[in-house]
$ cat work.csv   # CSV, C-alpha atoms
chain,number,residue,atom,x,y,z
A,11,MET,CA,64.1,60.7,8.4
A,12,THR,CA,66.9,61.2,10.8
A,13,ARG,CA,66.5,59.1,13.9
A,14,ALA,CA,67.6,62.0,16.1
A,15,VAL,CA,64.6,64.3,16.1
A,16,ARG,CA,61.8,63.1,18.5
A,17,PRO,CA,60.2,65.9,20.5
A,18,ALA,CA,58.8,64.9,23.9
A,19,LEU,CA,55.0,65.4,24.0
A,20,PRO,CA,52.7,64.6,26.9
A,21,VAL,CA,49.2,63.1,26.7
A,22,LEU,CA,46.9,65.7,24.9
A,23,LEU,CA,43.4,66.5,25.9
A,24,ALA,CA,40.7,67.5,23.5
A,25,LEU,CA,41.2,71.3,23.3
A,26,GLY,CA,39.5,74.0,21.4
A,27,VAL,CA,41.4,75.0,18.2
A,28,ALA,CA,42.1,78.6,17.3
A,29,CYS,CA,41.4,79.7,13.8
A,30,ALA,CA,44.5,80.5,11.7
A,31,ALA,CA,45.1,84.1,10.8
A,32,PRO,CA,46.2,84.9,7.3
A,33,SER,CA,50.0,85.2,6.7
A,34,ALA,CA,51.9,88.5,6.5
A,35,GLY,CA,53.1,89.6,3.1
A,36,GLY,CA,56.5,90.0,1.6
A,37,ALA,CA,59.6,87.8,1.2
A,38,GLY,CA,61.4,87.7,4.5
A,39,GLY,CA,58.2,88.6,6.3
A,40,THR,CA,56.7,86.6,9.2
A,41,ALA,CA,53.4,84.7,9.2
A,42,PRO,CA,51.5,85.9,12.3
A,43,ALA,CA,50.5,83.4,15.0
A,44,ALA,CA,46.9,82.3,15.3
A,45,ALA,CA,47.6,81.3,19.0
A,46,ALA,CA,50.2,82.2,21.5
A,47,SER,CA,53.3,80.0,21.1
A,48,ARG,CA,55.7,79.2,23.9
A,49,ALA,CA,59.4,79.7,23.3
A,50,GLY,CA,61.1,76.3,22.7
A,51,ALA,CA,57.9,74.4,22.4
A,52,PRO,CA,57.9,71.6,19.7
A,53,ARG,CA,56.2,72.3,16.4
A,54,LEU,CA,54.2,70.1,14.0
A,55,TYR,CA,54.3,71.3,10.3
A,56,VAL,CA,51.4,70.3,8.0
A,57,PRO,CA,52.0,71.1,4.2
A,58,ASN,CA,48.7,71.8,2.4
A,59,GLN,CA,49.6,70.8,-1.1
A,60,ASP,CA,46.5,72.2,-2.9
A,61,GLU,CA,46.7,75.6,-1.1
A,62,ALA,CA,50.4,76.5,-1.1
A,63,THR,CA,50.2,76.9,2.6
A,64,VAL,CA,51.8,75.2,5.7
A,65,THR,CA,49.8,74.9,8.9
A,66,ILE,CA,52.0,75.1,12.1
A,67,ILE,CA,50.7,73.5,15.2
A,68,GLU,CA,51.9,73.5,18.8
A,69,PRO,CA,51.1,69.9,19.9
A,70,LEU,CA,51.5,70.7,23.6
A,71,ALA,CA,48.5,73.1,23.3
A,72,GLY,CA,46.8,71.2,20.5
A,73,ALA,CA,46.4,74.5,18.6
A,74,VAL,CA,47.3,76.2,15.3
A,75,VAL,CA,50.0,78.9,16.0
A,76,ALA,CA,50.5,80.1,12.4
A,77,THR,CA,49.5,79.4,8.8
A,78,VAL,CA,52.3,80.3,6.3
A,79,ASP,CA,51.0,81.4,2.9
A,80,LEU,CA,53.8,80.7,0.5
A,81,GLN,CA,52.5,83.2,-2.0
A,82,ASP,CA,53.4,85.9,0.4
A,83,PHE,CA,57.1,84.9,-0.1
A,84,GLY,CA,57.0,85.1,-3.8
A,85,PHE,CA,56.1,81.4,-4.5
A,86,SER,CA,53.3,80.5,-6.9
A,87,PRO,CA,49.7,79.4,-6.2
A,88,ASN,CA,50.9,76.0,-7.6
A,89,ALA,CA,53.9,75.7,-5.3
A,90,LYS,CA,52.6,72.4,-4.0
A,91,PRO,CA,54.3,72.1,-0.5
A,92,HIS,CA,54.7,68.4,0.2
A,93,ALA,CA,57.2,67.4,2.9
A,94,VAL,CA,58.7,69.2,5.9
A,95,VAL,CA,61.7,68.5,8.2
A,96,ALA,CA,62.9,70.7,11.1
A,97,GLU,CA,66.2,71.4,12.8
A,98,PRO,CA,66.6,69.6,16.1
A,99,ASP,CA,67.0,72.9,17.9
A,100,GLY,CA,63.9,74.3,16.2
A,101,ALA,CA,65.7,77.2,14.7
A,102,ALA,CA,64.6,76.4,11.1
A,103,TRP,CA,62.3,74.2,9.0
A,104,TYR,CA,62.5,73.1,5.4
A,105,VAL,CA,59.7,72.3,2.9
A,106,THR,CA,59.7,70.8,-0.6
A,107,LEU,CA,57.8,72.8,-3.2
A,108,ILE,CA,57.0,70.4,-6.0
A,109,GLY,CA,55.3,72.9,-8.3
A,110,ASP,CA,58.0,75.6,-8.0
A,111,GLY,CA,61.0,73.3,-8.1
A,112,ALA,CA,62.5,74.4,-4.8
A,113,VAL,CA,63.4,73.5,-1.3
A,114,ALA,CA,62.7,76.5,1.0
A,115,LYS,CA,64.2,77.2,4.4
A,116,PHE,CA,62.2,79.2,7.0
A,117,SER,CA,63.1,80.4,10.5
A,118,ARG,CA,61.2,79.3,13.6
A,119,ASP,CA,59.3,82.6,13.4
A,120,ASN,CA,58.6,81.8,9.7
A,121,ARG,CA,60.9,84.2,7.9
A,122,LEU,CA,62.2,82.9,4.5
A,123,LEU,CA,65.9,82.3,4.9
A,124,GLY,CA,66.8,80.9,1.5
A,125,GLN,CA,65.9,78.3,-1.1
A,126,ALA,CA,67.6,75.7,-3.3
A,127,ARG,CA,66.3,75.1,-6.8
A,128,MET,CA,65.9,71.6,-8.1
A,129,GLU,CA,63.4,69.7,-10.3
A,130,THR,CA,60.3,68.3,-8.6
A,131,PRO,CA,61.7,67.8,-5.1
A,132,GLY,CA,59.7,65.2,-3.0
A,133,MET,CA,60.8,63.9,0.4
A,134,LEU,CA,63.5,65.3,2.7
A,135,ALA,CA,66.1,63.8,5.0
A,136,LEU,CA,68.2,66.0,7.4
A,137,ASP,CA,71.7,65.0,8.4
A,138,PRO,CA,72.6,67.4,11.3
A,139,ARG,CA,76.2,66.1,11.7
A,140,HIS,CA,77.3,67.0,8.2
A,141,ASP,CA,75.3,70.2,7.4
A,142,ARG,CA,73.4,68.3,4.7
A,143,LEU,CA,69.8,68.1,3.6
A,144,TYR,CA,68.9,65.5,1.1
A,145,ALA,CA,65.9,65.9,-1.3
A,146,SER,CA,64.4,63.1,-3.4
A,147,ARG,CA,61.9,63.5,-6.3
A,148,SER,CA,58.2,63.8,-6.2
A,149,MET,CA,56.2,60.7,-7.1
A,150,THR,CA,54.0,62.8,-9.3
A,151,ALA,CA,56.9,63.7,-11.6
A,152,VAL,CA,56.7,61.9,-15.0
A,153,SER,CA,60.4,61.4,-15.8
A,154,PRO,CA,62.5,63.0,-13.0
A,155,PRO,CA,66.3,62.7,-12.8
A,156,ALA,CA,67.6,59.5,-11.2
A,157,SER,CA,69.3,61.6,-8.6
A,158,VAL,CA,68.9,63.2,-5.1
A,159,GLY,CA,69.7,66.8,-4.3
A,160,ILE,CA,72.4,67.4,-1.7
A,161,ILE,CA,71.9,70.8,-0.1
A,162,ARG,CA,74.2,72.6,2.4
A,163,ARG,CA,71.7,73.7,5.0
A,164,SER,CA,73.7,76.6,6.4
A,165,THR,CA,73.7,78.4,3.0
A,166,MET,CA,70.9,76.6,1.1
A,167,THR,CA,73.3,75.8,-1.7
A,168,LEU,CA,72.6,72.9,-3.9
A,169,VAL,CA,76.0,71.2,-3.7
A,170,ASP,CA,75.3,68.3,-6.0
A,171,GLU,CA,72.6,66.1,-7.6
A,172,LEU,CA,73.9,62.7,-6.9
A,173,ASP,CA,72.9,59.9,-9.3
A,174,VAL,CA,71.6,57.0,-7.1
A,175,LEU,CA,71.2,54.7,-10.1
A,176,LEU,CA,67.5,54.2,-9.5
A,177,PRO,CA,64.5,55.4,-11.6
A,178,ARG,CA,62.2,57.9,-9.9
A,179,PRO,CA,63.9,58.1,-6.4
A,180,HIS,CA,61.4,59.0,-3.8
A,181,GLY,CA,61.8,57.2,-0.4
A,182,ILE,CA,64.8,58.6,1.6
A,183,ALA,CA,66.2,58.2,5.1
A,184,VAL,CA,69.5,59.1,6.7
A,185,ASP,CA,71.3,57.6,9.6
A,186,SER,CA,72.1,60.7,11.8
A,187,LEU,CA,75.1,59.0,13.4
A,188,SER,CA,77.0,57.6,10.4
A,189,GLY,CA,75.5,59.9,7.8
A,190,ARG,CA,74.7,56.9,5.6
A,191,LEU,CA,71.8,57.6,3.2
A,192,TYR,CA,69.1,55.1,2.0
A,193,VAL,CA,67.1,55.8,-1.1
A,194,SER,CA,64.3,53.8,-2.8
A,195,GLY,CA,62.9,54.3,-6.3
A,196,LEU,CA,59.3,54.0,-7.5
A,197,GLY,CA,60.2,51.9,-10.5
A,198,ASP,CA,62.9,49.6,-9.1
A,199,ASN,CA,63.0,47.0,-6.3
A,200,ARG,CA,66.6,47.8,-5.3
A,201,LEU,CA,67.6,50.1,-2.5
A,202,ALA,CA,70.6,52.5,-2.8
A,203,VAL,CA,73.0,53.0,0.0
A,204,VAL,CA,75.1,56.2,-0.1
A,205,ASP,CA,78.1,57.0,2.2
A,206,THR,CA,79.2,60.5,3.1
A,207,ALA,CA,81.7,60.5,0.3
A,208,GLY,CA,79.0,59.9,-2.3
A,209,ARG,CA,79.7,56.3,-3.1
A,210,VAL,CA,76.6,54.4,-4.1
A,211,GLU,CA,75.9,50.7,-3.6
A,212,LEU,CA,72.7,48.9,-4.6
A,213,ALA,CA,70.9,46.2,-2.7
A,214,ASP,CA,68.6,43.8,-4.5
A,215,VAL,CA,65.2,43.1,-2.9
A,216,PRO,CA,63.2,40.0,-3.9
A,217,GLY,CA,59.6,40.0,-5.0
A,218,PRO,CA,57.4,41.9,-7.5
A,219,LEU,CA,57.8,45.6,-8.0
A,220,HIS,CA,56.9,47.2,-4.7
A,221,ALA,CA,56.9,51.0,-5.6
A,222,TYR,CA,58.4,52.2,-2.3
A,223,VAL,CA,56.8,55.4,-0.9
A,224,THR,CA,58.6,56.3,2.3
A,225,LEU,CA,61.5,55.0,4.3
A,226,GLU,CA,62.3,55.5,8.0
A,227,LEU,CA,65.0,54.2,10.3
A,228,ALA,CA,64.2,52.6,13.6
A,229,PRO,CA,65.4,54.6,16.7
A,230,ASP,CA,68.4,52.4,17.1
A,231,GLY,CA,69.3,52.7,13.4
A,232,ARG,CA,69.5,48.9,12.9
A,233,ARG,CA,66.2,48.5,11.0
A,234,LEU,CA,64.7,50.3,8.1
A,235,ALA,CA,60.9,50.3,7.4
A,236,ALA,CA,59.4,50.9,3.9
A,237,SER,CA,55.8,51.5,2.9
A,238,THR,CA,54.8,50.3,-0.6
A,239,GLN,CA,52.1,51.1,-3.1
A,240,LEU,CA,51.8,48.2,-5.5
A,241,THR,CA,52.2,45.3,-3.1
A,242,ALA,CA,50.4,46.7,0.0
A,243,ARG,CA,53.2,45.6,2.3
A,244,LEU,CA,55.2,47.1,5.1
A,245,LEU,CA,58.8,46.0,4.5
A,246,ASP,CA,61.3,45.5,7.3
A,247,PHE,CA,65.0,45.6,6.4
A,248,ASP,CA,68.0,44.8,8.6
A,249,VAL,CA,70.6,47.5,8.0
A,250,SER,CA,73.1,46.5,10.6
A,251,GLY,CA,75.4,45.2,7.8
A,252,PRO,CA,76.9,46.8,4.7
A,253,LEU,CA,73.6,46.5,2.7
A,254,PRO,CA,70.0,46.2,3.6
A,255,VAL,CA,68.5,42.7,4.0
A,256,LEU,CA,64.8,42.1,3.8
A,257,ARG,CA,63.5,40.3,6.9
A,258,HIS,CA,59.7,40.8,6.9
A,259,ALA,CA,57.0,41.8,4.4
A,260,VAL,CA,53.8,42.5,6.4
A,261,PRO,CA,50.5,42.6,4.5
A,262,VAL,CA,48.7,45.9,5.3
A,263,LEU,CA,45.8,47.8,3.9
A,264,PRO,CA,46.4,49.3,0.4
A,265,PHE,CA,48.2,52.6,-0.3
A,266,GLY,CA,50.5,53.0,2.6
A,267,TYR,CA,52.1,56.5,2.7
A,268,GLN,CA,54.3,58.2,5.3
A,269,LEU,CA,55.3,55.9,8.2
A,270,ALA,CA,56.8,56.4,11.6
A,271,TRP,CA,58.4,54.3,14.3
A,272,SER,CA,57.5,54.7,17.9
A,273,PRO,CA,60.4,56.0,20.0
A,274,ASP,CA,60.8,52.7,21.8
A,275,GLY,CA,61.1,50.9,18.4
A,276,ARG,CA,58.2,48.5,19.2
A,277,SER,CA,55.7,49.8,16.7
A,278,VAL,CA,55.5,51.2,13.2
A,279,TRP,CA,52.6,53.4,12.2
A,280,LEU,CA,51.4,54.3,8.7
A,281,GLY,CA,48.5,55.9,7.0
A,282,ASN,CA,46.6,53.9,4.4
A,283,GLN,CA,45.4,56.5,2.0
A,284,ARG,CA,42.8,54.7,-0.1
A,285,SER,CA,41.6,52.6,2.8
A,286,GLY,CA,40.7,55.6,5.1
A,287,ALA,CA,42.7,53.9,7.9
A,288,VAL,CA,45.8,54.0,10.1
A,289,THR,CA,47.7,50.8,10.8
A,290,ARG,CA,50.0,49.9,13.7
A,291,VAL,CA,52.4,47.1,13.1
A,292,ASP,CA,54.0,45.2,16.0
A,293,ALA,CA,57.8,45.4,15.4
A,294,ALA,CA,58.5,42.4,17.6
A,295,THR,CA,56.3,40.0,15.8
A,296,TRP,CA,55.9,41.9,12.5
A,297,THR,CA,52.2,41.5,12.5
A,298,VAL,CA,49.4,44.0,12.2
A,299,ALA,CA,48.4,45.0,15.8
A,300,ALA,CA,45.6,47.5,14.9
A,301,GLU,CA,43.7,49.0,12.0
A,302,LEU,CA,42.0,52.2,13.0
A,303,LYS,CA,39.2,53.7,11.0
A,304,ASP,CA,37.3,56.9,11.5
A,305,SER,CA,35.4,59.4,9.4
A,306,ALA,CA,38.2,62.0,10.3
A,307,PHE,CA,40.6,59.9,8.1
A,308,ALA,CA,39.9,61.3,4.7
A,309,GLU,CA,42.7,59.9,2.6
A,310,PRO,CA,45.3,59.7,5.5
A,311,HIS,CA,48.8,60.6,4.3
A,312,GLY,CA,51.3,61.9,6.9
A,313,VAL,CA,52.2,60.1,10.2
A,314,ARG,CA,54.4,61.2,13.1
A,315,VAL,CA,54.8,59.9,16.7
A,316,SER,CA,55.5,62.1,19.7
A,317,ARG,CA,58.8,61.6,21.5
A,318,ASP,CA,57.2,60.2,24.6
A,319,GLY,CA,55.3,57.7,22.3
A,320,ARG,CA,51.9,58.6,23.7
A,321,THR,CA,50.5,60.5,20.7
A,322,VAL,CA,50.3,59.7,17.0
A,323,TYR,CA,49.6,62.5,14.5
A,324,VAL,CA,47.9,61.8,11.2
A,325,SER,CA,47.3,64.2,8.3
A,326,SER,CA,44.5,63.6,5.8
A,327,HIS,CA,44.0,65.1,2.3
A,328,GLY,CA,40.3,66.0,3.0
A,329,ARG,CA,37.1,64.5,1.6
A,330,GLN,CA,36.7,64.8,-2.2
A,331,LEU,CA,33.7,66.8,-3.2
A,332,ALA,CA,33.9,66.4,-6.9
A,333,PRO,CA,36.5,63.8,-7.9
A,334,ARG,CA,38.2,64.5,-11.2
A,335,ALA,CA,38.4,61.9,-14.0
A,336,PRO,CA,41.6,59.8,-14.0
A,337,THR,CA,44.3,60.9,-16.4
A,338,ALA,CA,47.0,59.1,-18.4
A,339,ALA,CA,49.5,60.4,-15.8
A,340,ASP,CA,47.6,58.6,-13.0
A,341,THR,CA,48.2,55.3,-14.9
A,342,MET,CA,51.9,56.2,-15.4
A,343,HIS,CA,52.3,56.9,-11.7
A,344,HIS,CA,50.5,53.6,-10.7
A,345,GLY,CA,47.6,55.7,-9.5
A,346,MET,CA,49.8,57.3,-6.9
A,347,HIS,CA,48.5,60.6,-5.4
A,348,ALA,CA,45.2,59.9,-7.3
A,349,GLY,CA,42.8,62.7,-6.5
A,350,GLU,CA,45.3,65.5,-6.4
A,351,GLY,CA,43.7,68.6,-7.8
A,352,ALA,CA,40.1,67.3,-7.2
A,353,SER,CA,37.7,69.6,-5.5
A,354,ARG,CA,37.8,68.7,-1.8
A,355,ALA,CA,37.0,69.8,1.7
A,356,ASN,CA,39.7,70.9,4.1
A,357,GLY,CA,42.2,68.3,5.4
A,358,THR,CA,42.6,67.4,9.0
A,359,LEU,CA,45.3,66.7,11.6
A,360,VAL,CA,44.2,63.9,13.9
A,361,LEU,CA,45.7,63.2,17.3
A,362,LEU,CA,45.5,59.6,18.4
A,363,ASP,CA,46.2,57.9,21.7
A,364,ALA,CA,49.0,55.5,20.8
A,365,ARG,CA,48.1,53.0,23.5
A,366,THR,CA,44.4,52.7,22.9
A,367,GLY,CA,44.0,54.1,19.4
A,368,ALA,CA,41.3,56.5,20.6
A,369,LEU,CA,40.9,59.7,18.7
A,370,ARG,CA,41.7,62.7,21.0
A,371,GLN,CA,41.4,65.7,18.7
A,372,VAL,CA,40.7,66.7,15.1
A,373,ILE,CA,42.3,70.0,14.0
A,374,PRO,CA,41.2,71.5,10.6
A,375,VAL,CA,44.1,72.3,8.2
A,376,GLY,CA,44.2,73.1,4.5
A,377,ARG,CA,43.3,71.0,1.4
A,378,PHE,CA,45.4,68.0,0.6
A,379,ALA,CA,47.5,67.8,3.7
A,380,THR,CA,50.6,65.7,3.1
A,381,ALA,CA,53.8,64.5,4.8
A,382,LEU,CA,54.2,65.8,8.3
A,383,GLY,CA,57.3,67.4,9.9
A,384,LEU,CA,57.8,67.2,13.7
A,385,GLY,CA,60.6,68.8,15.6
A,386,GLY,CA,62.0,71.9,17.3
A,387,ASP,CA,62.3,71.1,21.0
A,388,GLY,CA,66.1,71.3,20.9
A,389,ARG,CA,66.8,67.8,21.9
A,390,PRO,CA,68.4,65.0,19.8

$ encode --input "work.csv" --output "structure tokens"
Amino acid sequence: MTRAVRPALPVLLALGVACAAPSAGGAGGTAPAAAASRAGAPRLYVPNQDEATVTIIEPLAGAVVATVDLQDFGFSPNAKPHAVVAEPDGAAWYVTLIGDGAVAKFSRDNRLLGQARMETPGMLALDPRHDRLYASRSMTAVSPPASVGIIRRSTMTLVDELDVLLPRPHGIAVDSLSGRLYVSGLGDNRLAVVDTAGRVELADVPGPLHAYVTLELAPDGRRLAASTQLTARLLDFDVSGPLPVLRHAVPVLPFGYQLAWSPDGRSVWLGNQRSGAVTRVDAATWTVAAELKDSAFAEPHGVRVSRDGRTVYVSSHGRQLAPRAPTAADTMHHGMHAGEGASRANGTLVLLDARTGALRQVIPVGRFATALGLGGDGRP
């Protein structure tokens, strides 16, 4: 994630949630708002992977303002929206569509502006200084290319698929000042570092196979945090030098997914999918400061923190109603994303008080809510 996009959000009160209206039809059409949205207000984007929809929330009001049905824009019922990033000025947002093999670009008023085709896109990293959007591969892909997509955002042109020399690249983060890209693979302990000219260097990381899930740079750009699947660790890397150096490996609850730094760089938050919990790690001592559990956390996945640091947003897949039997693919993927496709209740977006950990609000969203995007107030 770029370290530049952090909307300012005040303390939120428990507010009533408007019901989302269905989206308008037709490519290039606009999904109607479910609640009035103020011009320039920040937006929170929640991909609902099992529904081919994206729920859009205005955090200042704590209300759903639109639900974008991707089928209305020509995408399939199996589009599988997974991750969202937004432009700093809020003019556009981007979403990976695993099932349809595309990265789609939408305007703030939810018109389809373009798409770039690539195989099983997973996570996104936006580089505002170089007109670039980077896309990794989905962790559910069996044998994806060992490359990341480089997309020119202004035209949604796939410029290149850069080989990063790592199997199954998934975690991805970009330094918004230097343009340096960091990539991790699910099947390799090394980290790839890519400069703006496309030169790739690999950094060895000690220990057993971690299976990195997500990467995120600290606000000052000098540390890189990584969540892992197989070792249940939050890893802290010093990236002030040419290559990342592992400094801390913090034991956390199993199956950490998306993570987020607090704006002051003092905390790292992550959802623990199989543990039904959210963890806060103290980035001064690199110890677990809190493990928050609540019935609203039904397989927590996405995490973002408001720019003022007061509110943490957590998406959850939704409670499984009739779990499906494990498949051979689950074993191949180390059990990652287990439960995808199972019959389940709607997911949730939970608002937490970052200081006390108290739950402020629960907003219903779609099934299998995944990696959150937060942005759009126009400030770096």

$ atom_distance --input "work.csv" --atom1 "CA of Asn199 (chain A)" --atom2 "CA of Val184 (chain A)"
18.9 Å

$ residues_around --input "work.csv" --residues "Met133 (chain A)" --least-positions-apart "3" --cutoff "7 Å" --atoms "all atoms listed in the file" --output "ChimeraX atom specification"
/A:93,145-147,180-182

$ closest_residue --input "work.csv" --among "A:Thr167, A:Thr224, A:Ser325, A:Ser194" --to "Leu212 (chain A)" --atoms "only C-alpha atoms"
A:Ser194

$ residues_near_point --input "work.csv" --point "(50.0, 76.5, 0.1)" --cutoff "12 Å" --atoms "all atoms listed in the file" --output "MDAnalysis selection string"
chainID A and resid 32:33 56:65 77:93 105:110 375:380

$ atom_distance --input "work.csv" --atom1 "CA of Asp246 (chain A)" --atom2 "CA of Val260 (chain A)"
8.1 Å

$ build_atoms --input "work.csv" --residues "region 260-284 of chain A" --atoms "N, CA and C atoms" --output "compact mmCIF listing (two decimals), in the coordinates of the input"
# COMPACT_ATOMS: atom_id res chain seq x y z
N VAL A 260 55.09 42.61 5.67
CA VAL A 260 53.80 42.50 6.40
C VAL A 260 52.67 42.99 5.53
N PRO A 261 51.65 42.15 5.26
CA PRO A 261 50.50 42.60 4.50
C PRO A 261 49.74 43.68 5.30
N VAL A 262 49.47 44.82 4.66
CA VAL A 262 48.70 45.90 5.30
C VAL A 262 47.64 46.38 4.31
N LEU A 263 46.80 47.28 4.76
CA LEU A 263 45.80 47.80 3.90
C LEU A 263 46.44 48.61 2.75
N PRO A 264 45.76 48.74 1.60
CA PRO A 264 46.40 49.30 0.40
C PRO A 264 46.79 50.81 0.61
N PHE A 265 47.77 51.19 -0.19
CA PHE A 265 48.20 52.60 -0.30
C PHE A 265 48.79 53.13 0.97
N GLY A 266 49.83 52.49 1.50
CA GLY A 266 50.50 53.00 2.60
C GLY A 266 51.37 54.25 2.23
N TYR A 267 51.30 55.31 3.02
CA TYR A 267 52.10 56.50 2.70
C TYR A 267 53.16 56.73 3.77
N GLN A 268 53.21 57.90 4.37
CA GLN A 268 54.30 58.20 5.30
C GLN A 268 54.15 57.21 6.51
N LEU A 269 55.30 56.79 7.04
CA LEU A 269 55.30 55.90 8.20
C LEU A 269 56.18 56.47 9.28
N ALA A 270 56.01 55.95 10.49
CA ALA A 270 56.80 56.40 11.60
C ALA A 270 56.94 55.34 12.66
N TRP A 271 58.16 55.23 13.19
CA TRP A 271 58.40 54.30 14.30
C TRP A 271 58.04 54.97 15.61
N SER A 272 57.61 54.16 16.56
CA SER A 272 57.50 54.70 17.90
C SER A 272 58.87 54.84 18.51
N PRO A 273 59.04 55.75 19.46
CA PRO A 273 60.40 56.00 20.00
C PRO A 273 61.04 54.81 20.66
N ASP A 274 60.24 53.86 21.16
CA ASP A 274 60.80 52.70 21.80
C ASP A 274 61.13 51.58 20.74
N GLY A 275 60.81 51.82 19.48
CA GLY A 275 61.10 50.90 18.40
C GLY A 275 60.19 49.65 18.39
N ARG A 276 59.11 49.68 19.16
CA ARG A 276 58.20 48.50 19.20
C ARG A 276 57.10 48.52 18.22
N SER A 277 56.82 49.67 17.62
CA SER A 277 55.70 49.80 16.70
C SER A 277 56.10 50.62 15.49
N VAL A 278 55.44 50.33 14.35
CA VAL A 278 55.50 51.20 13.20
C VAL A 278 54.10 51.56 12.81
N TRP A 279 53.88 52.87 12.60
CA TRP A 279 52.60 53.40 12.20
C TRP A 279 52.61 53.87 10.79
N LEU A 280 51.51 53.70 10.05
CA LEU A 280 51.40 54.30 8.70
C LEU A 280 49.97 54.53 8.36
N GLY A 281 49.79 55.55 7.51
CA GLY A 281 48.50 55.90 7.00
C GLY A 281 48.21 55.08 5.73
N ASN A 282 46.99 54.60 5.57
CA ASN A 282 46.60 53.90 4.40
C ASN A 282 45.62 54.74 3.59
N GLN A 283 46.16 55.45 2.60
CA GLN A 283 45.40 56.50 2.00
C GLN A 283 44.08 56.12 1.40
N ARG A 284 44.06 55.10 0.56
CA ARG A 284 42.80 54.70 -0.10
C ARG A 284 41.89 53.90 0.81
